[in-house]
$ cat coords_4.cif   # mmCIF, C-alpha atoms (C1' of nucleotides)
data_input
loop_
_atom_site.label_atom_id
_atom_site.label_comp_id
_atom_site.auth_asym_id
_atom_site.auth_seq_id
_atom_site.Cartn_x
_atom_site.Cartn_y
_atom_site.Cartn_z
CA MET A 1 8.02 -15.23 8.43
CA PRO A 2 7.58 -15.45 12.14
CA GLU A 3 5.18 -13.00 13.67
CA LEU A 4 3.58 -13.32 17.08
CA PRO A 5 1.47 -16.45 16.35
CA GLU A 6 4.39 -18.32 14.79
CA VAL A 7 6.75 -17.46 17.64
CA GLU A 8 4.06 -18.36 20.17
CA SER A 9 3.65 -21.74 18.48
CA VAL A 10 7.40 -22.35 18.61
CA VAL A 11 7.56 -21.37 22.27
CA ARG A 12 4.70 -23.65 23.27
CA GLN A 13 6.37 -26.61 21.65
CA LEU A 14 9.80 -25.76 22.89
CA ALA A 15 8.90 -25.13 26.52
CA PRO A 16 8.07 -28.71 27.59
CA ARG A 17 11.07 -30.07 25.73
CA LEU A 18 13.57 -27.65 27.23
CA ARG A 19 12.35 -27.02 30.76
CA GLY A 20 14.71 -28.37 33.39
CA ARG A 21 17.51 -29.15 30.96
CA ARG A 22 21.03 -27.94 31.50
CA LEU A 23 22.89 -26.04 28.79
CA ARG A 24 26.20 -27.79 28.14
CA GLU A 25 27.71 -26.26 25.05
CA VAL A 26 27.11 -23.51 22.54
CA GLU A 27 28.49 -23.54 19.04
CA LEU A 28 28.14 -20.39 16.95
CA LEU A 29 28.69 -21.19 13.30
CA ASP A 30 27.76 -17.86 11.74
CA PRO A 31 30.33 -15.09 12.23
CA ARG A 32 27.44 -12.67 12.55
CA LEU A 33 26.53 -14.40 15.82
CA ARG A 34 30.05 -14.56 17.20
CA ARG A 35 29.62 -11.43 19.24
CA ALA A 36 27.17 -13.21 21.51
CA ASP A 37 28.91 -14.00 24.79
CA PHE A 38 27.35 -17.25 25.90
CA ARG A 39 29.91 -18.28 28.53
CA PRO A 40 27.94 -17.07 31.57
CA ALA A 41 25.00 -19.18 30.36
CA LEU A 42 26.88 -22.50 30.29
CA GLY A 43 25.72 -24.86 33.02
CA GLY A 44 22.48 -22.96 33.47
CA THR A 45 19.16 -24.79 33.77
CA VAL A 46 16.18 -23.84 31.66
CA GLU A 47 13.60 -22.31 33.96
CA ARG A 48 11.03 -21.30 31.38
CA VAL A 49 10.58 -20.54 27.71
CA ILE A 50 8.37 -17.59 26.83
CA ARG A 51 7.59 -15.27 23.96
CA ILE A 52 8.31 -11.55 24.17
CA GLY A 53 6.94 -9.79 21.13
CA LYS A 54 8.43 -11.74 18.25
CA GLN A 55 11.33 -13.07 20.30
CA VAL A 56 11.85 -16.37 22.04
CA GLU A 57 13.22 -16.04 25.54
CA ILE A 58 14.85 -19.04 27.18
CA ARG A 59 15.50 -18.20 30.80
CA LEU A 60 18.41 -20.03 32.37
CA ARG A 61 18.88 -20.34 36.11
CA GLU A 62 22.53 -19.93 36.79
CA THR A 63 24.29 -22.27 39.17
CA ARG A 64 27.61 -20.50 39.58
CA GLY A 65 26.29 -17.35 41.15
CA CYS A 66 26.53 -15.26 38.00
CA GLY A 67 22.81 -14.54 38.09
CA ASN A 68 20.19 -15.74 35.67
CA ILE A 69 20.71 -15.42 31.95
CA ARG A 70 18.07 -14.69 29.34
CA LEU A 71 18.77 -16.26 25.99
CA LEU A 72 16.90 -14.13 23.46
CA CYS A 73 16.40 -15.39 19.94
CA HIS A 74 14.83 -13.29 17.20
CA LEU A 75 13.99 -15.33 14.11
CA ARG A 76 13.52 -12.28 11.85
CA MET A 77 12.60 -13.40 8.34
CA THR A 78 13.79 -16.97 7.97
CA GLY A 79 15.01 -18.20 11.34
CA ARG A 80 13.90 -21.53 12.76
CA LEU A 81 14.52 -23.29 16.05
CA VAL A 82 14.58 -27.05 15.75
CA TRP A 83 14.68 -29.40 18.70
CA LEU A 84 16.69 -32.53 18.21
CA ALA A 85 16.33 -35.18 20.89
CA ARG A 86 19.36 -37.32 21.66
CA ASP A 87 20.06 -39.82 18.88
CA GLU A 88 17.80 -38.01 16.40
CA THR A 89 19.55 -36.92 13.24
CA PRO A 90 18.75 -33.57 11.69
CA ARG A 91 16.91 -33.82 8.38
CA GLU A 92 18.34 -30.51 7.19
CA THR A 93 21.65 -29.04 8.26
CA ARG A 94 21.97 -26.43 5.55
CA HIS A 95 21.98 -22.88 6.95
CA LEU A 96 22.74 -24.12 10.43
CA ARG A 97 23.89 -21.00 12.29
CA ALA A 98 24.15 -22.20 15.89
CA ARG A 99 23.73 -25.30 17.99
CA LEU A 100 22.94 -25.30 21.67
CA ARG A 101 23.63 -28.61 23.32
CA PHE A 102 21.55 -29.50 26.36
CA ASP A 103 21.37 -32.66 28.43
CA GLY A 104 19.37 -35.07 26.32
CA GLY A 105 19.27 -33.15 23.07
CA GLU A 106 20.15 -30.02 21.20
CA LEU A 107 18.53 -26.93 19.84
CA LEU A 108 19.44 -25.96 16.28
CA PHE A 109 19.17 -22.42 15.02
CA ILE A 110 18.69 -22.51 11.27
CA ASP A 111 18.49 -19.27 9.33
CA PRO A 112 19.07 -19.05 5.56
CA ARG A 113 18.97 -15.27 5.35
CA ARG A 114 21.02 -14.69 8.47
CA PHE A 115 18.96 -11.78 9.77
CA GLY A 116 18.14 -13.66 12.97
CA THR A 117 19.83 -12.85 16.26
CA LEU A 118 20.90 -14.71 19.39
CA ARG A 119 21.68 -12.76 22.53
CA PHE A 120 22.64 -13.78 26.04
CA VAL A 121 21.43 -11.06 28.37
CA PRO A 122 22.10 -11.13 32.13
CA GLU A 123 18.89 -10.69 34.10
CA GLY A 124 18.62 -7.10 35.17
CA CYS A 125 20.12 -5.66 32.00
CA GLU A 126 16.69 -4.91 30.67
CA ALA A 127 16.07 -3.92 27.11
CA PRO A 128 14.64 -0.49 26.29
CA ALA A 129 10.88 -0.18 26.53
CA ALA A 130 9.02 -2.09 23.85
CA GLY A 131 5.41 -1.92 22.76
CA LEU A 132 2.31 -3.37 24.34
CA GLU A 133 1.61 -7.12 24.18
CA PRO A 134 -1.60 -7.28 22.15
CA LEU A 135 -2.92 -10.38 23.95
CA SER A 136 -2.18 -9.14 27.46
CA ARG A 137 -4.83 -7.86 29.86
CA ALA A 138 -3.23 -4.45 29.60
CA CYS A 139 -4.26 -4.23 25.97
CA THR A 140 -7.65 -2.55 26.25
CA PRO A 141 -9.51 -0.41 23.72
CA VAL A 142 -8.66 2.65 25.84
CA ARG A 143 -4.96 1.79 25.80
CA LEU A 144 -5.04 1.19 22.05
CA SER A 145 -6.84 4.47 21.55
CA GLY A 146 -4.08 6.24 23.46
CA LEU A 147 -1.37 4.61 21.34
CA LEU A 148 -3.13 5.59 18.11
CA ALA A 149 -3.82 9.15 19.19
CA ARG A 150 -2.38 11.85 16.96
CA SER A 151 -0.46 9.45 14.73
CA ARG A 152 -0.53 10.61 11.14
CA GLN A 153 0.84 7.31 9.91
CA GLU A 154 -1.27 5.08 7.73
CA LEU A 155 -2.95 2.28 9.67
CA LYS A 156 -1.16 -0.71 8.18
CA PRO A 157 2.38 0.69 8.58
CA TRP A 158 1.32 1.72 12.08
CA LEU A 159 0.39 -1.86 12.91
CA LEU A 160 3.93 -2.94 12.02
CA ARG A 161 5.47 -0.64 14.63
CA GLN A 162 6.97 -2.68 17.44
CA ASP A 163 7.17 0.35 19.72
CA ARG A 164 3.35 0.55 19.84
CA LEU A 165 2.01 -3.00 19.68
CA VAL A 166 4.50 -5.85 19.52
CA GLY A 167 4.23 -8.97 17.42
CA ILE A 168 2.30 -7.87 14.34
CA GLY A 169 4.08 -8.29 11.00
CA ASN A 170 3.18 -7.90 7.37
CA ILE A 171 0.79 -10.82 7.07
CA TYR A 172 -1.29 -10.16 10.16
CA ALA A 173 -1.33 -6.39 9.61
CA SER A 174 -3.35 -6.93 6.43
CA GLU A 175 -5.48 -9.63 8.05
CA ILE A 176 -6.25 -7.42 11.04
CA ALA A 177 -7.22 -4.40 8.92
CA PHE A 178 -9.59 -6.63 6.95
CA ARG A 179 -11.13 -8.11 10.06
CA ALA A 180 -11.64 -4.61 11.46
CA ARG A 181 -13.08 -3.49 8.11
CA LEU A 182 -10.66 -0.58 8.03
CA HIS A 183 -8.76 0.51 4.94
CA PRO A 184 -4.98 0.06 5.40
CA ARG A 185 -4.45 3.66 4.24
CA ARG A 186 -6.65 5.18 6.89
CA THR A 187 -4.74 7.61 9.10
CA ALA A 188 -4.07 5.74 12.35
CA GLY A 189 -4.89 8.71 14.56
CA SER A 190 -8.19 9.41 12.80
CA LEU A 191 -10.11 6.33 13.91
CA ARG A 192 -13.38 7.02 15.67
CA PRO A 193 -14.06 5.21 18.98
CA GLU A 194 -16.21 2.61 17.26
CA GLU A 195 -13.40 1.92 14.77
CA VAL A 196 -10.80 1.65 17.53
CA ARG A 197 -13.02 -0.94 19.21
CA ARG A 198 -13.22 -2.91 15.98
CA LEU A 199 -9.45 -2.70 15.57
CA HIS A 200 -8.87 -3.86 19.14
CA GLN A 201 -11.21 -6.78 18.64
CA ALA A 202 -9.59 -7.65 15.30
CA VAL A 203 -6.03 -7.57 16.65
CA ARG A 204 -6.88 -10.02 19.38
CA SER A 205 -9.15 -12.35 17.48
CA VAL A 206 -6.88 -12.66 14.43
CA LEU A 207 -3.77 -13.37 16.53
CA ARG A 208 -5.57 -15.83 18.81
CA ARG A 209 -7.05 -17.71 15.90
CA ALA A 210 -3.70 -17.89 14.13
CA ILE A 211 -2.14 -19.32 17.28
CA ARG A 212 -4.89 -21.92 17.42
CA PHE A 213 -3.96 -22.98 13.92
CA GLY A 214 -0.24 -23.13 14.67
CA GLY A 215 0.69 -20.02 12.71
CA THR A 216 1.02 -19.33 9.02
CA THR A 217 3.36 -21.06 6.64
CA PHE A 218 4.13 -18.73 3.81
CA SER A 219 7.23 -20.10 2.20
CA ASP A 220 9.44 -21.49 4.88
CA PHE A 221 8.02 -21.28 8.36
CA ALA A 222 8.10 -24.53 10.24
CA ASP A 223 7.68 -25.33 13.88
CA VAL A 224 10.06 -26.99 16.26
CA SER A 225 9.55 -30.44 14.82
CA GLY A 226 9.49 -29.27 11.20
CA ARG A 227 5.73 -29.20 10.67
CA SER A 228 4.22 -26.23 8.96
CA GLY A 229 1.55 -23.87 10.23
CA ARG A 230 -2.03 -24.41 9.16
CA PHE A 231 -3.21 -20.82 9.13
CA TYR A 232 -2.23 -20.16 5.54
CA ALA A 233 -5.49 -21.69 4.32
CA MET A 234 -7.39 -19.37 6.65
CA LEU A 235 -5.97 -16.11 5.33
CA ALA A 236 -8.71 -13.70 4.28
CA VAL A 237 -6.68 -11.28 2.16
CA TYR A 238 -2.93 -11.87 2.42
CA ASP A 239 -1.45 -13.35 -0.77
CA ARG A 240 -4.94 -13.43 -2.33
CA GLU A 241 -4.66 -10.69 -4.95
CA GLY A 242 -7.38 -11.11 -7.57
CA ARG A 243 -9.17 -13.82 -5.63
CA LEU A 244 -12.65 -13.11 -4.35
CA CYS A 245 -13.24 -11.69 -0.90
CA ARG A 246 -14.59 -14.43 1.34
CA ARG A 247 -17.12 -11.99 2.72
CA CYS A 248 -18.45 -10.05 -0.30
CA ARG A 249 -16.95 -11.70 -3.42
CA THR A 250 -15.14 -8.53 -4.55
CA PRO A 251 -11.63 -9.21 -5.92
CA ILE A 252 -8.88 -8.62 -3.37
CA VAL A 253 -6.42 -5.92 -4.34
CA ARG A 254 -2.71 -5.63 -3.59
CA PHE A 255 -0.73 -2.42 -3.28
CA VAL A 256 2.53 -1.32 -1.71
CA GLN A 257 3.03 0.61 1.51
CA GLN A 258 6.56 1.26 2.72
CA GLN A 259 7.93 -1.15 0.13
CA ARG A 260 5.80 -4.01 1.40
CA SER A 261 2.72 -5.67 0.03
CA THR A 262 -0.64 -4.78 1.50
CA TYR A 263 -3.80 -6.68 0.66
CA CYS A 264 -7.36 -5.56 1.20
CA CYS A 265 -10.93 -5.84 0.04
CA PRO A 266 -11.88 -2.46 -1.44
CA ARG A 267 -15.54 -3.05 -0.65
CA CYS A 268 -15.31 -4.35 2.92
CA GLN A 269 -12.60 -1.81 3.76
CA PRO A 270 -13.71 1.49 2.21
CA LEU A 271 -11.24 4.34 2.52
CA ARG A 272 -14.02 6.83 3.18
CA ARG A 273 -17.11 6.27 5.19
CA LEU A 274 -20.02 4.89 3.25
CA GLY A 275 -22.12 7.94 4.04
CA MET A 276 -19.51 10.17 2.44
CA LEU A 277 -19.48 8.02 -0.69
CA VAL A 278 -23.23 8.34 -0.95
CA ALA A 279 -23.00 12.06 -0.35
CA SER A 280 -20.32 12.58 -2.99
CA SER A 281 -22.17 10.52 -5.59
CA ARG A 282 -25.31 12.55 -4.89
CA ALA A 283 -23.32 15.72 -5.35
CA ARG A 284 -22.17 14.37 -8.71
CA GLU A 285 -25.73 13.57 -9.73
CA THR A 286 -27.07 17.00 -8.86
CA ARG A 287 -24.29 18.70 -10.78
"C1'" DA B 1 9.44 14.57 16.69
"C1'" DT B 2 7.65 11.61 13.15
"C1'" DT B 3 7.84 9.24 9.25
"C1'" DA B 4 10.22 7.43 4.94
"C1'" DT B 5 14.14 5.03 2.86
"C1'" DA B 6 18.24 2.08 2.42
"C1'" DT B 7 20.32 -1.84 4.19
"C1'" DC B 8 21.62 -6.21 6.29
"C1'" DC B 9 21.49 -11.49 3.60
"C1'" DT B 10 20.13 -15.72 0.74
"C1'" DG B 11 16.91 -18.34 -1.99
"C1'" DA B 12 12.92 -18.83 -4.86
"C1'" DT B 13 10.50 -17.33 -8.67
"C1'" DC B 14 9.56 -14.80 -13.00
"C1'" DG B 15 10.23 -13.24 -17.61
"C1'" DC B 16 13.18 -13.47 -21.51
"C1'" DT C 1 18.09 -24.76 -19.22
"C1'" DG C 2 20.23 -20.54 -18.17
"C1'" DC C 3 20.46 -15.78 -16.61
"C1'" DG C 4 19.58 -11.48 -14.55
"C1'" DA C 5 16.00 -8.89 -12.19
"C1'" DT C 6 12.76 -8.86 -8.59
"C1'" DC C 7 10.69 -10.14 -4.43
"C1'" DA C 8 10.21 -12.23 0.39
"C1'" DG C 9 6.98 -12.57 6.51
"C1'" DG C 10 11.84 -7.94 10.16
"C1'" DA C 11 14.04 -4.27 12.27
"C1'" DT C 12 17.45 -0.66 12.55
"C1'" DA C 13 20.37 3.24 11.26
"C1'" DT C 14 20.17 7.23 8.65
"C1'" DA C 15 17.80 10.80 5.96
"C1'" DA C 16 14.10 13.99 5.13
#
$ encode --input "coords_4.cif" --output "structure tokens"
Amino acid sequence: MPELPEVESVVRQLAPRLRGRRLREVELLDPRLRRADFRPALGGTVERVIRIGKQVEIRLRETRGCGNIRLLCHLRMTGRLVWLARDETPRETRHLRARLRFDGGELLFIDPRRFGTLRFVPEGCEAPAAGLEPLSRACTPVRLSGLLARSRQELKPWLLRQDRLVGIGNIYASEIAFRARLHPRRTAGSLRPEEVRRLHQAVRSVLRRAIRFGGTTFSDFADVSGRSGRFYAMLAVYDREGRLCRRCRTPIVRFVQQQRSTYCCPRCQPLRRLGMLVASSRARETR
DNA sequence: ATTATATCCTGATCGC
DNA sequence: TGCGATCAGGATATAA
């Protein structure tokens, strides 16, 4: 479910509700989460809530001299963070995996499939290097070109790699390839400068637009207050197999790459350059 | 070194 | 209606 735009939407809603609140109690209900050592975080005050790749980071300022603590939550496939103000009752407590009680309310971590993670990381214990933030200033066409260089991976699987660009998942990978008018099976390292520019533009515009619409609800994404994202209706190719391309009316096709669905418009996203198609059909005619 | 596959889970949906 | 098979938006460890 949650890719960069969905996590960004969650973070934007969570930040004003959490900022300045003090963490009072943590209850881990899923044994898979029990390894998280939250004790140093207790009593800490929320300084800021930001997104890092697909993760939510809640930074707590520590009061007992233990240093600041970063609470990192990865929602994976089905995780949700739900803010519950004091006196509000949760509408859905099934699959509740953790509750974090703050002054004035609590944060519920709900995750049916239990792939999600919660970690309490002392500031300074930095994670290993991750990929580039696609919406940051550092993400330029030149930088993207460098990341793509020499990769023999197919473009769409390449877009899913979190060690290159962070935040792109299966839905937006297809959407981005369509927007860039690049076939998902193109070899990532084979893009010409003009195509890299289109990809760069597509990555940023698709993600920004999805954020504007509050993310995509596929089956079970919901934001902090339980509302669903409005980007689903805007999808150009994802989950639209057999429906007509919004741009050229050709039926959208679905195929599988690395065991995951890929959607594209075979006409807007030709695998070979148009000139080559013309050339090969001419060759056929002359034969 | 890169890239592909199996795996962690549960719930929803599909075909019989 | 019931039942098993299949699929789902992520990421990592292991294999090729």
$ residues_around --input "coords_4.cif" --residues "region 101-115 of chain A" --least-positions-apart "3" --cutoff "7 Å" --atoms "all atoms listed in the file" --output "PyMOL selection string"
(chain A and resi 21-26+76-86+95-98) or (chain B and resi 9-10)
$ resolve_selection --input "coords_4.cif" --expression "the PyMOL selection byres ((chain A and resi 31) around 12)" --output "PyMOL selection string"
chain A and resi 27-30+32-36+96-98+114+117-118
$ residues_around --input "coords_4.cif" --residues "DT12 (chain C)" --least-positions-apart "3" --cutoff "12 Å" --atoms "only C-alpha atoms (C1' of nucleotides)" --output "PyMOL selection string"
(chain A and resi 115+162) or (chain B and resi 5-8)
$ closest_atom_pairs --input "coords_4.cif" --of "chain B" --to "region 148-157 of chain A" --cutoff "12 Å" --atoms "all atoms listed in the file" --output "JSON lines"
{"residue": "B:DA1", "atom": "C1'", "partner": "A:Ser151", "partner_atom": "CA", "distance": 11.3}
{"residue": "B:DT2", "atom": "C1'", "partner": "A:Arg152", "partner_atom": "CA", "distance": 8.5}
{"residue": "B:DT3", "atom": "C1'", "partner": "A:Gln153", "partner_atom": "CA", "distance": 7.3}
{"residue": "B:DA4", "atom": "C1'", "partner": "A:Gln153", "partner_atom": "CA", "distance": 10.6}
$ resolve_selection --input "coords_4.cif" --expression "the PyMOL selection byres ((chain C) within 9 of (chain A))" --output "PDB file with C-alpha atoms (C1' of nucleotides), in the frame of the given file"
ATOM      1  C1'  DA C   8      10.210 -12.230   0.390  1.00  0.00           C
ATOM      2  C1'  DG C   9       6.980 -12.570   6.510  1.00  0.00           C
ATOM      3  C1'  DG C  10      11.840  -7.940  10.160  1.00  0.00           C
ATOM      4  C1'  DA C  11      14.040  -4.270  12.270  1.00  0.00           C
TER       5       DA C  11
END
$ axis_aligned_box --input "coords_4.cif" --around "chain B" --padding-each-side "3 Å" --output "AutoDock Vina command-line options"
--center_x 14.6 --center_y -2.1 --center_z -2.4 --size_x 20.0 --size_y 39.4 --size_z 44.2
$ resolve_selection --input "coords_4.cif" --expression "the PyMOL selection byres ((chain A and resi 267) around 12)" --output "PyMOL selection string"
chain A and resi 178+181-183+244-253+264-266+268-274+277
$ residues_around --input "coords_4.cif" --residues "DT6 (chain C)" --least-positions-apart "4" --cutoff "12 Å" --atoms "only C-alpha atoms (C1' of nucleotides)" --output "list in words"
DA12, DT13, DC14 and DG15 of chain B
$ closest_residue --input "coords_4.cif" --among "A:Trp158, A:Leu191, A:Gly242, A:Ile168" --to "Val206 (chain A)" --atoms "all atoms listed in the file"
A:Ile168
$ atom_distance --input "coords_4.cif" --atom1 "CA of Thr187 (chain A)" --atom2 "CA of Pro141 (chain A)"
17.3 Å
$ atom_distance --input "coords_4.cif" --atom1 "CA of Ile69 (chain A)" --atom2 "CA of Ala15 (chain A)"
16.2 Å
$ closest_residue --input "coords_4.cif" --among "A:Asn68, A:Ser9, A:Gln257, A:Thr262" --to "chain B" --atoms "all atoms listed in the file"
A:Gln257
$ atom_distance --input "coords_4.cif" --atom1 "CA of Leu60 (chain A)" --atom2 "CA of Leu18 (chain A)"
10.4 Å
$ residues_around --input "coords_4.cif" --residues "region 132-134 of chain A" --least-positions-apart "5" --cutoff "6 Å" --atoms "only C-alpha atoms (C1' of nucleotides)" --output "PyMOL selection string"
chain A and resi 139+165-166
$ residues_around --input "coords_4.cif" --residues "Pro122 (chain A)" --least-positions-apart "3" --cutoff "10 Å" --atoms "only C-alpha atoms (C1' of nucleotides)" --output "number ranges by chain"
A: 40-41, 59-60, 62, 66-71, 119, 125-126
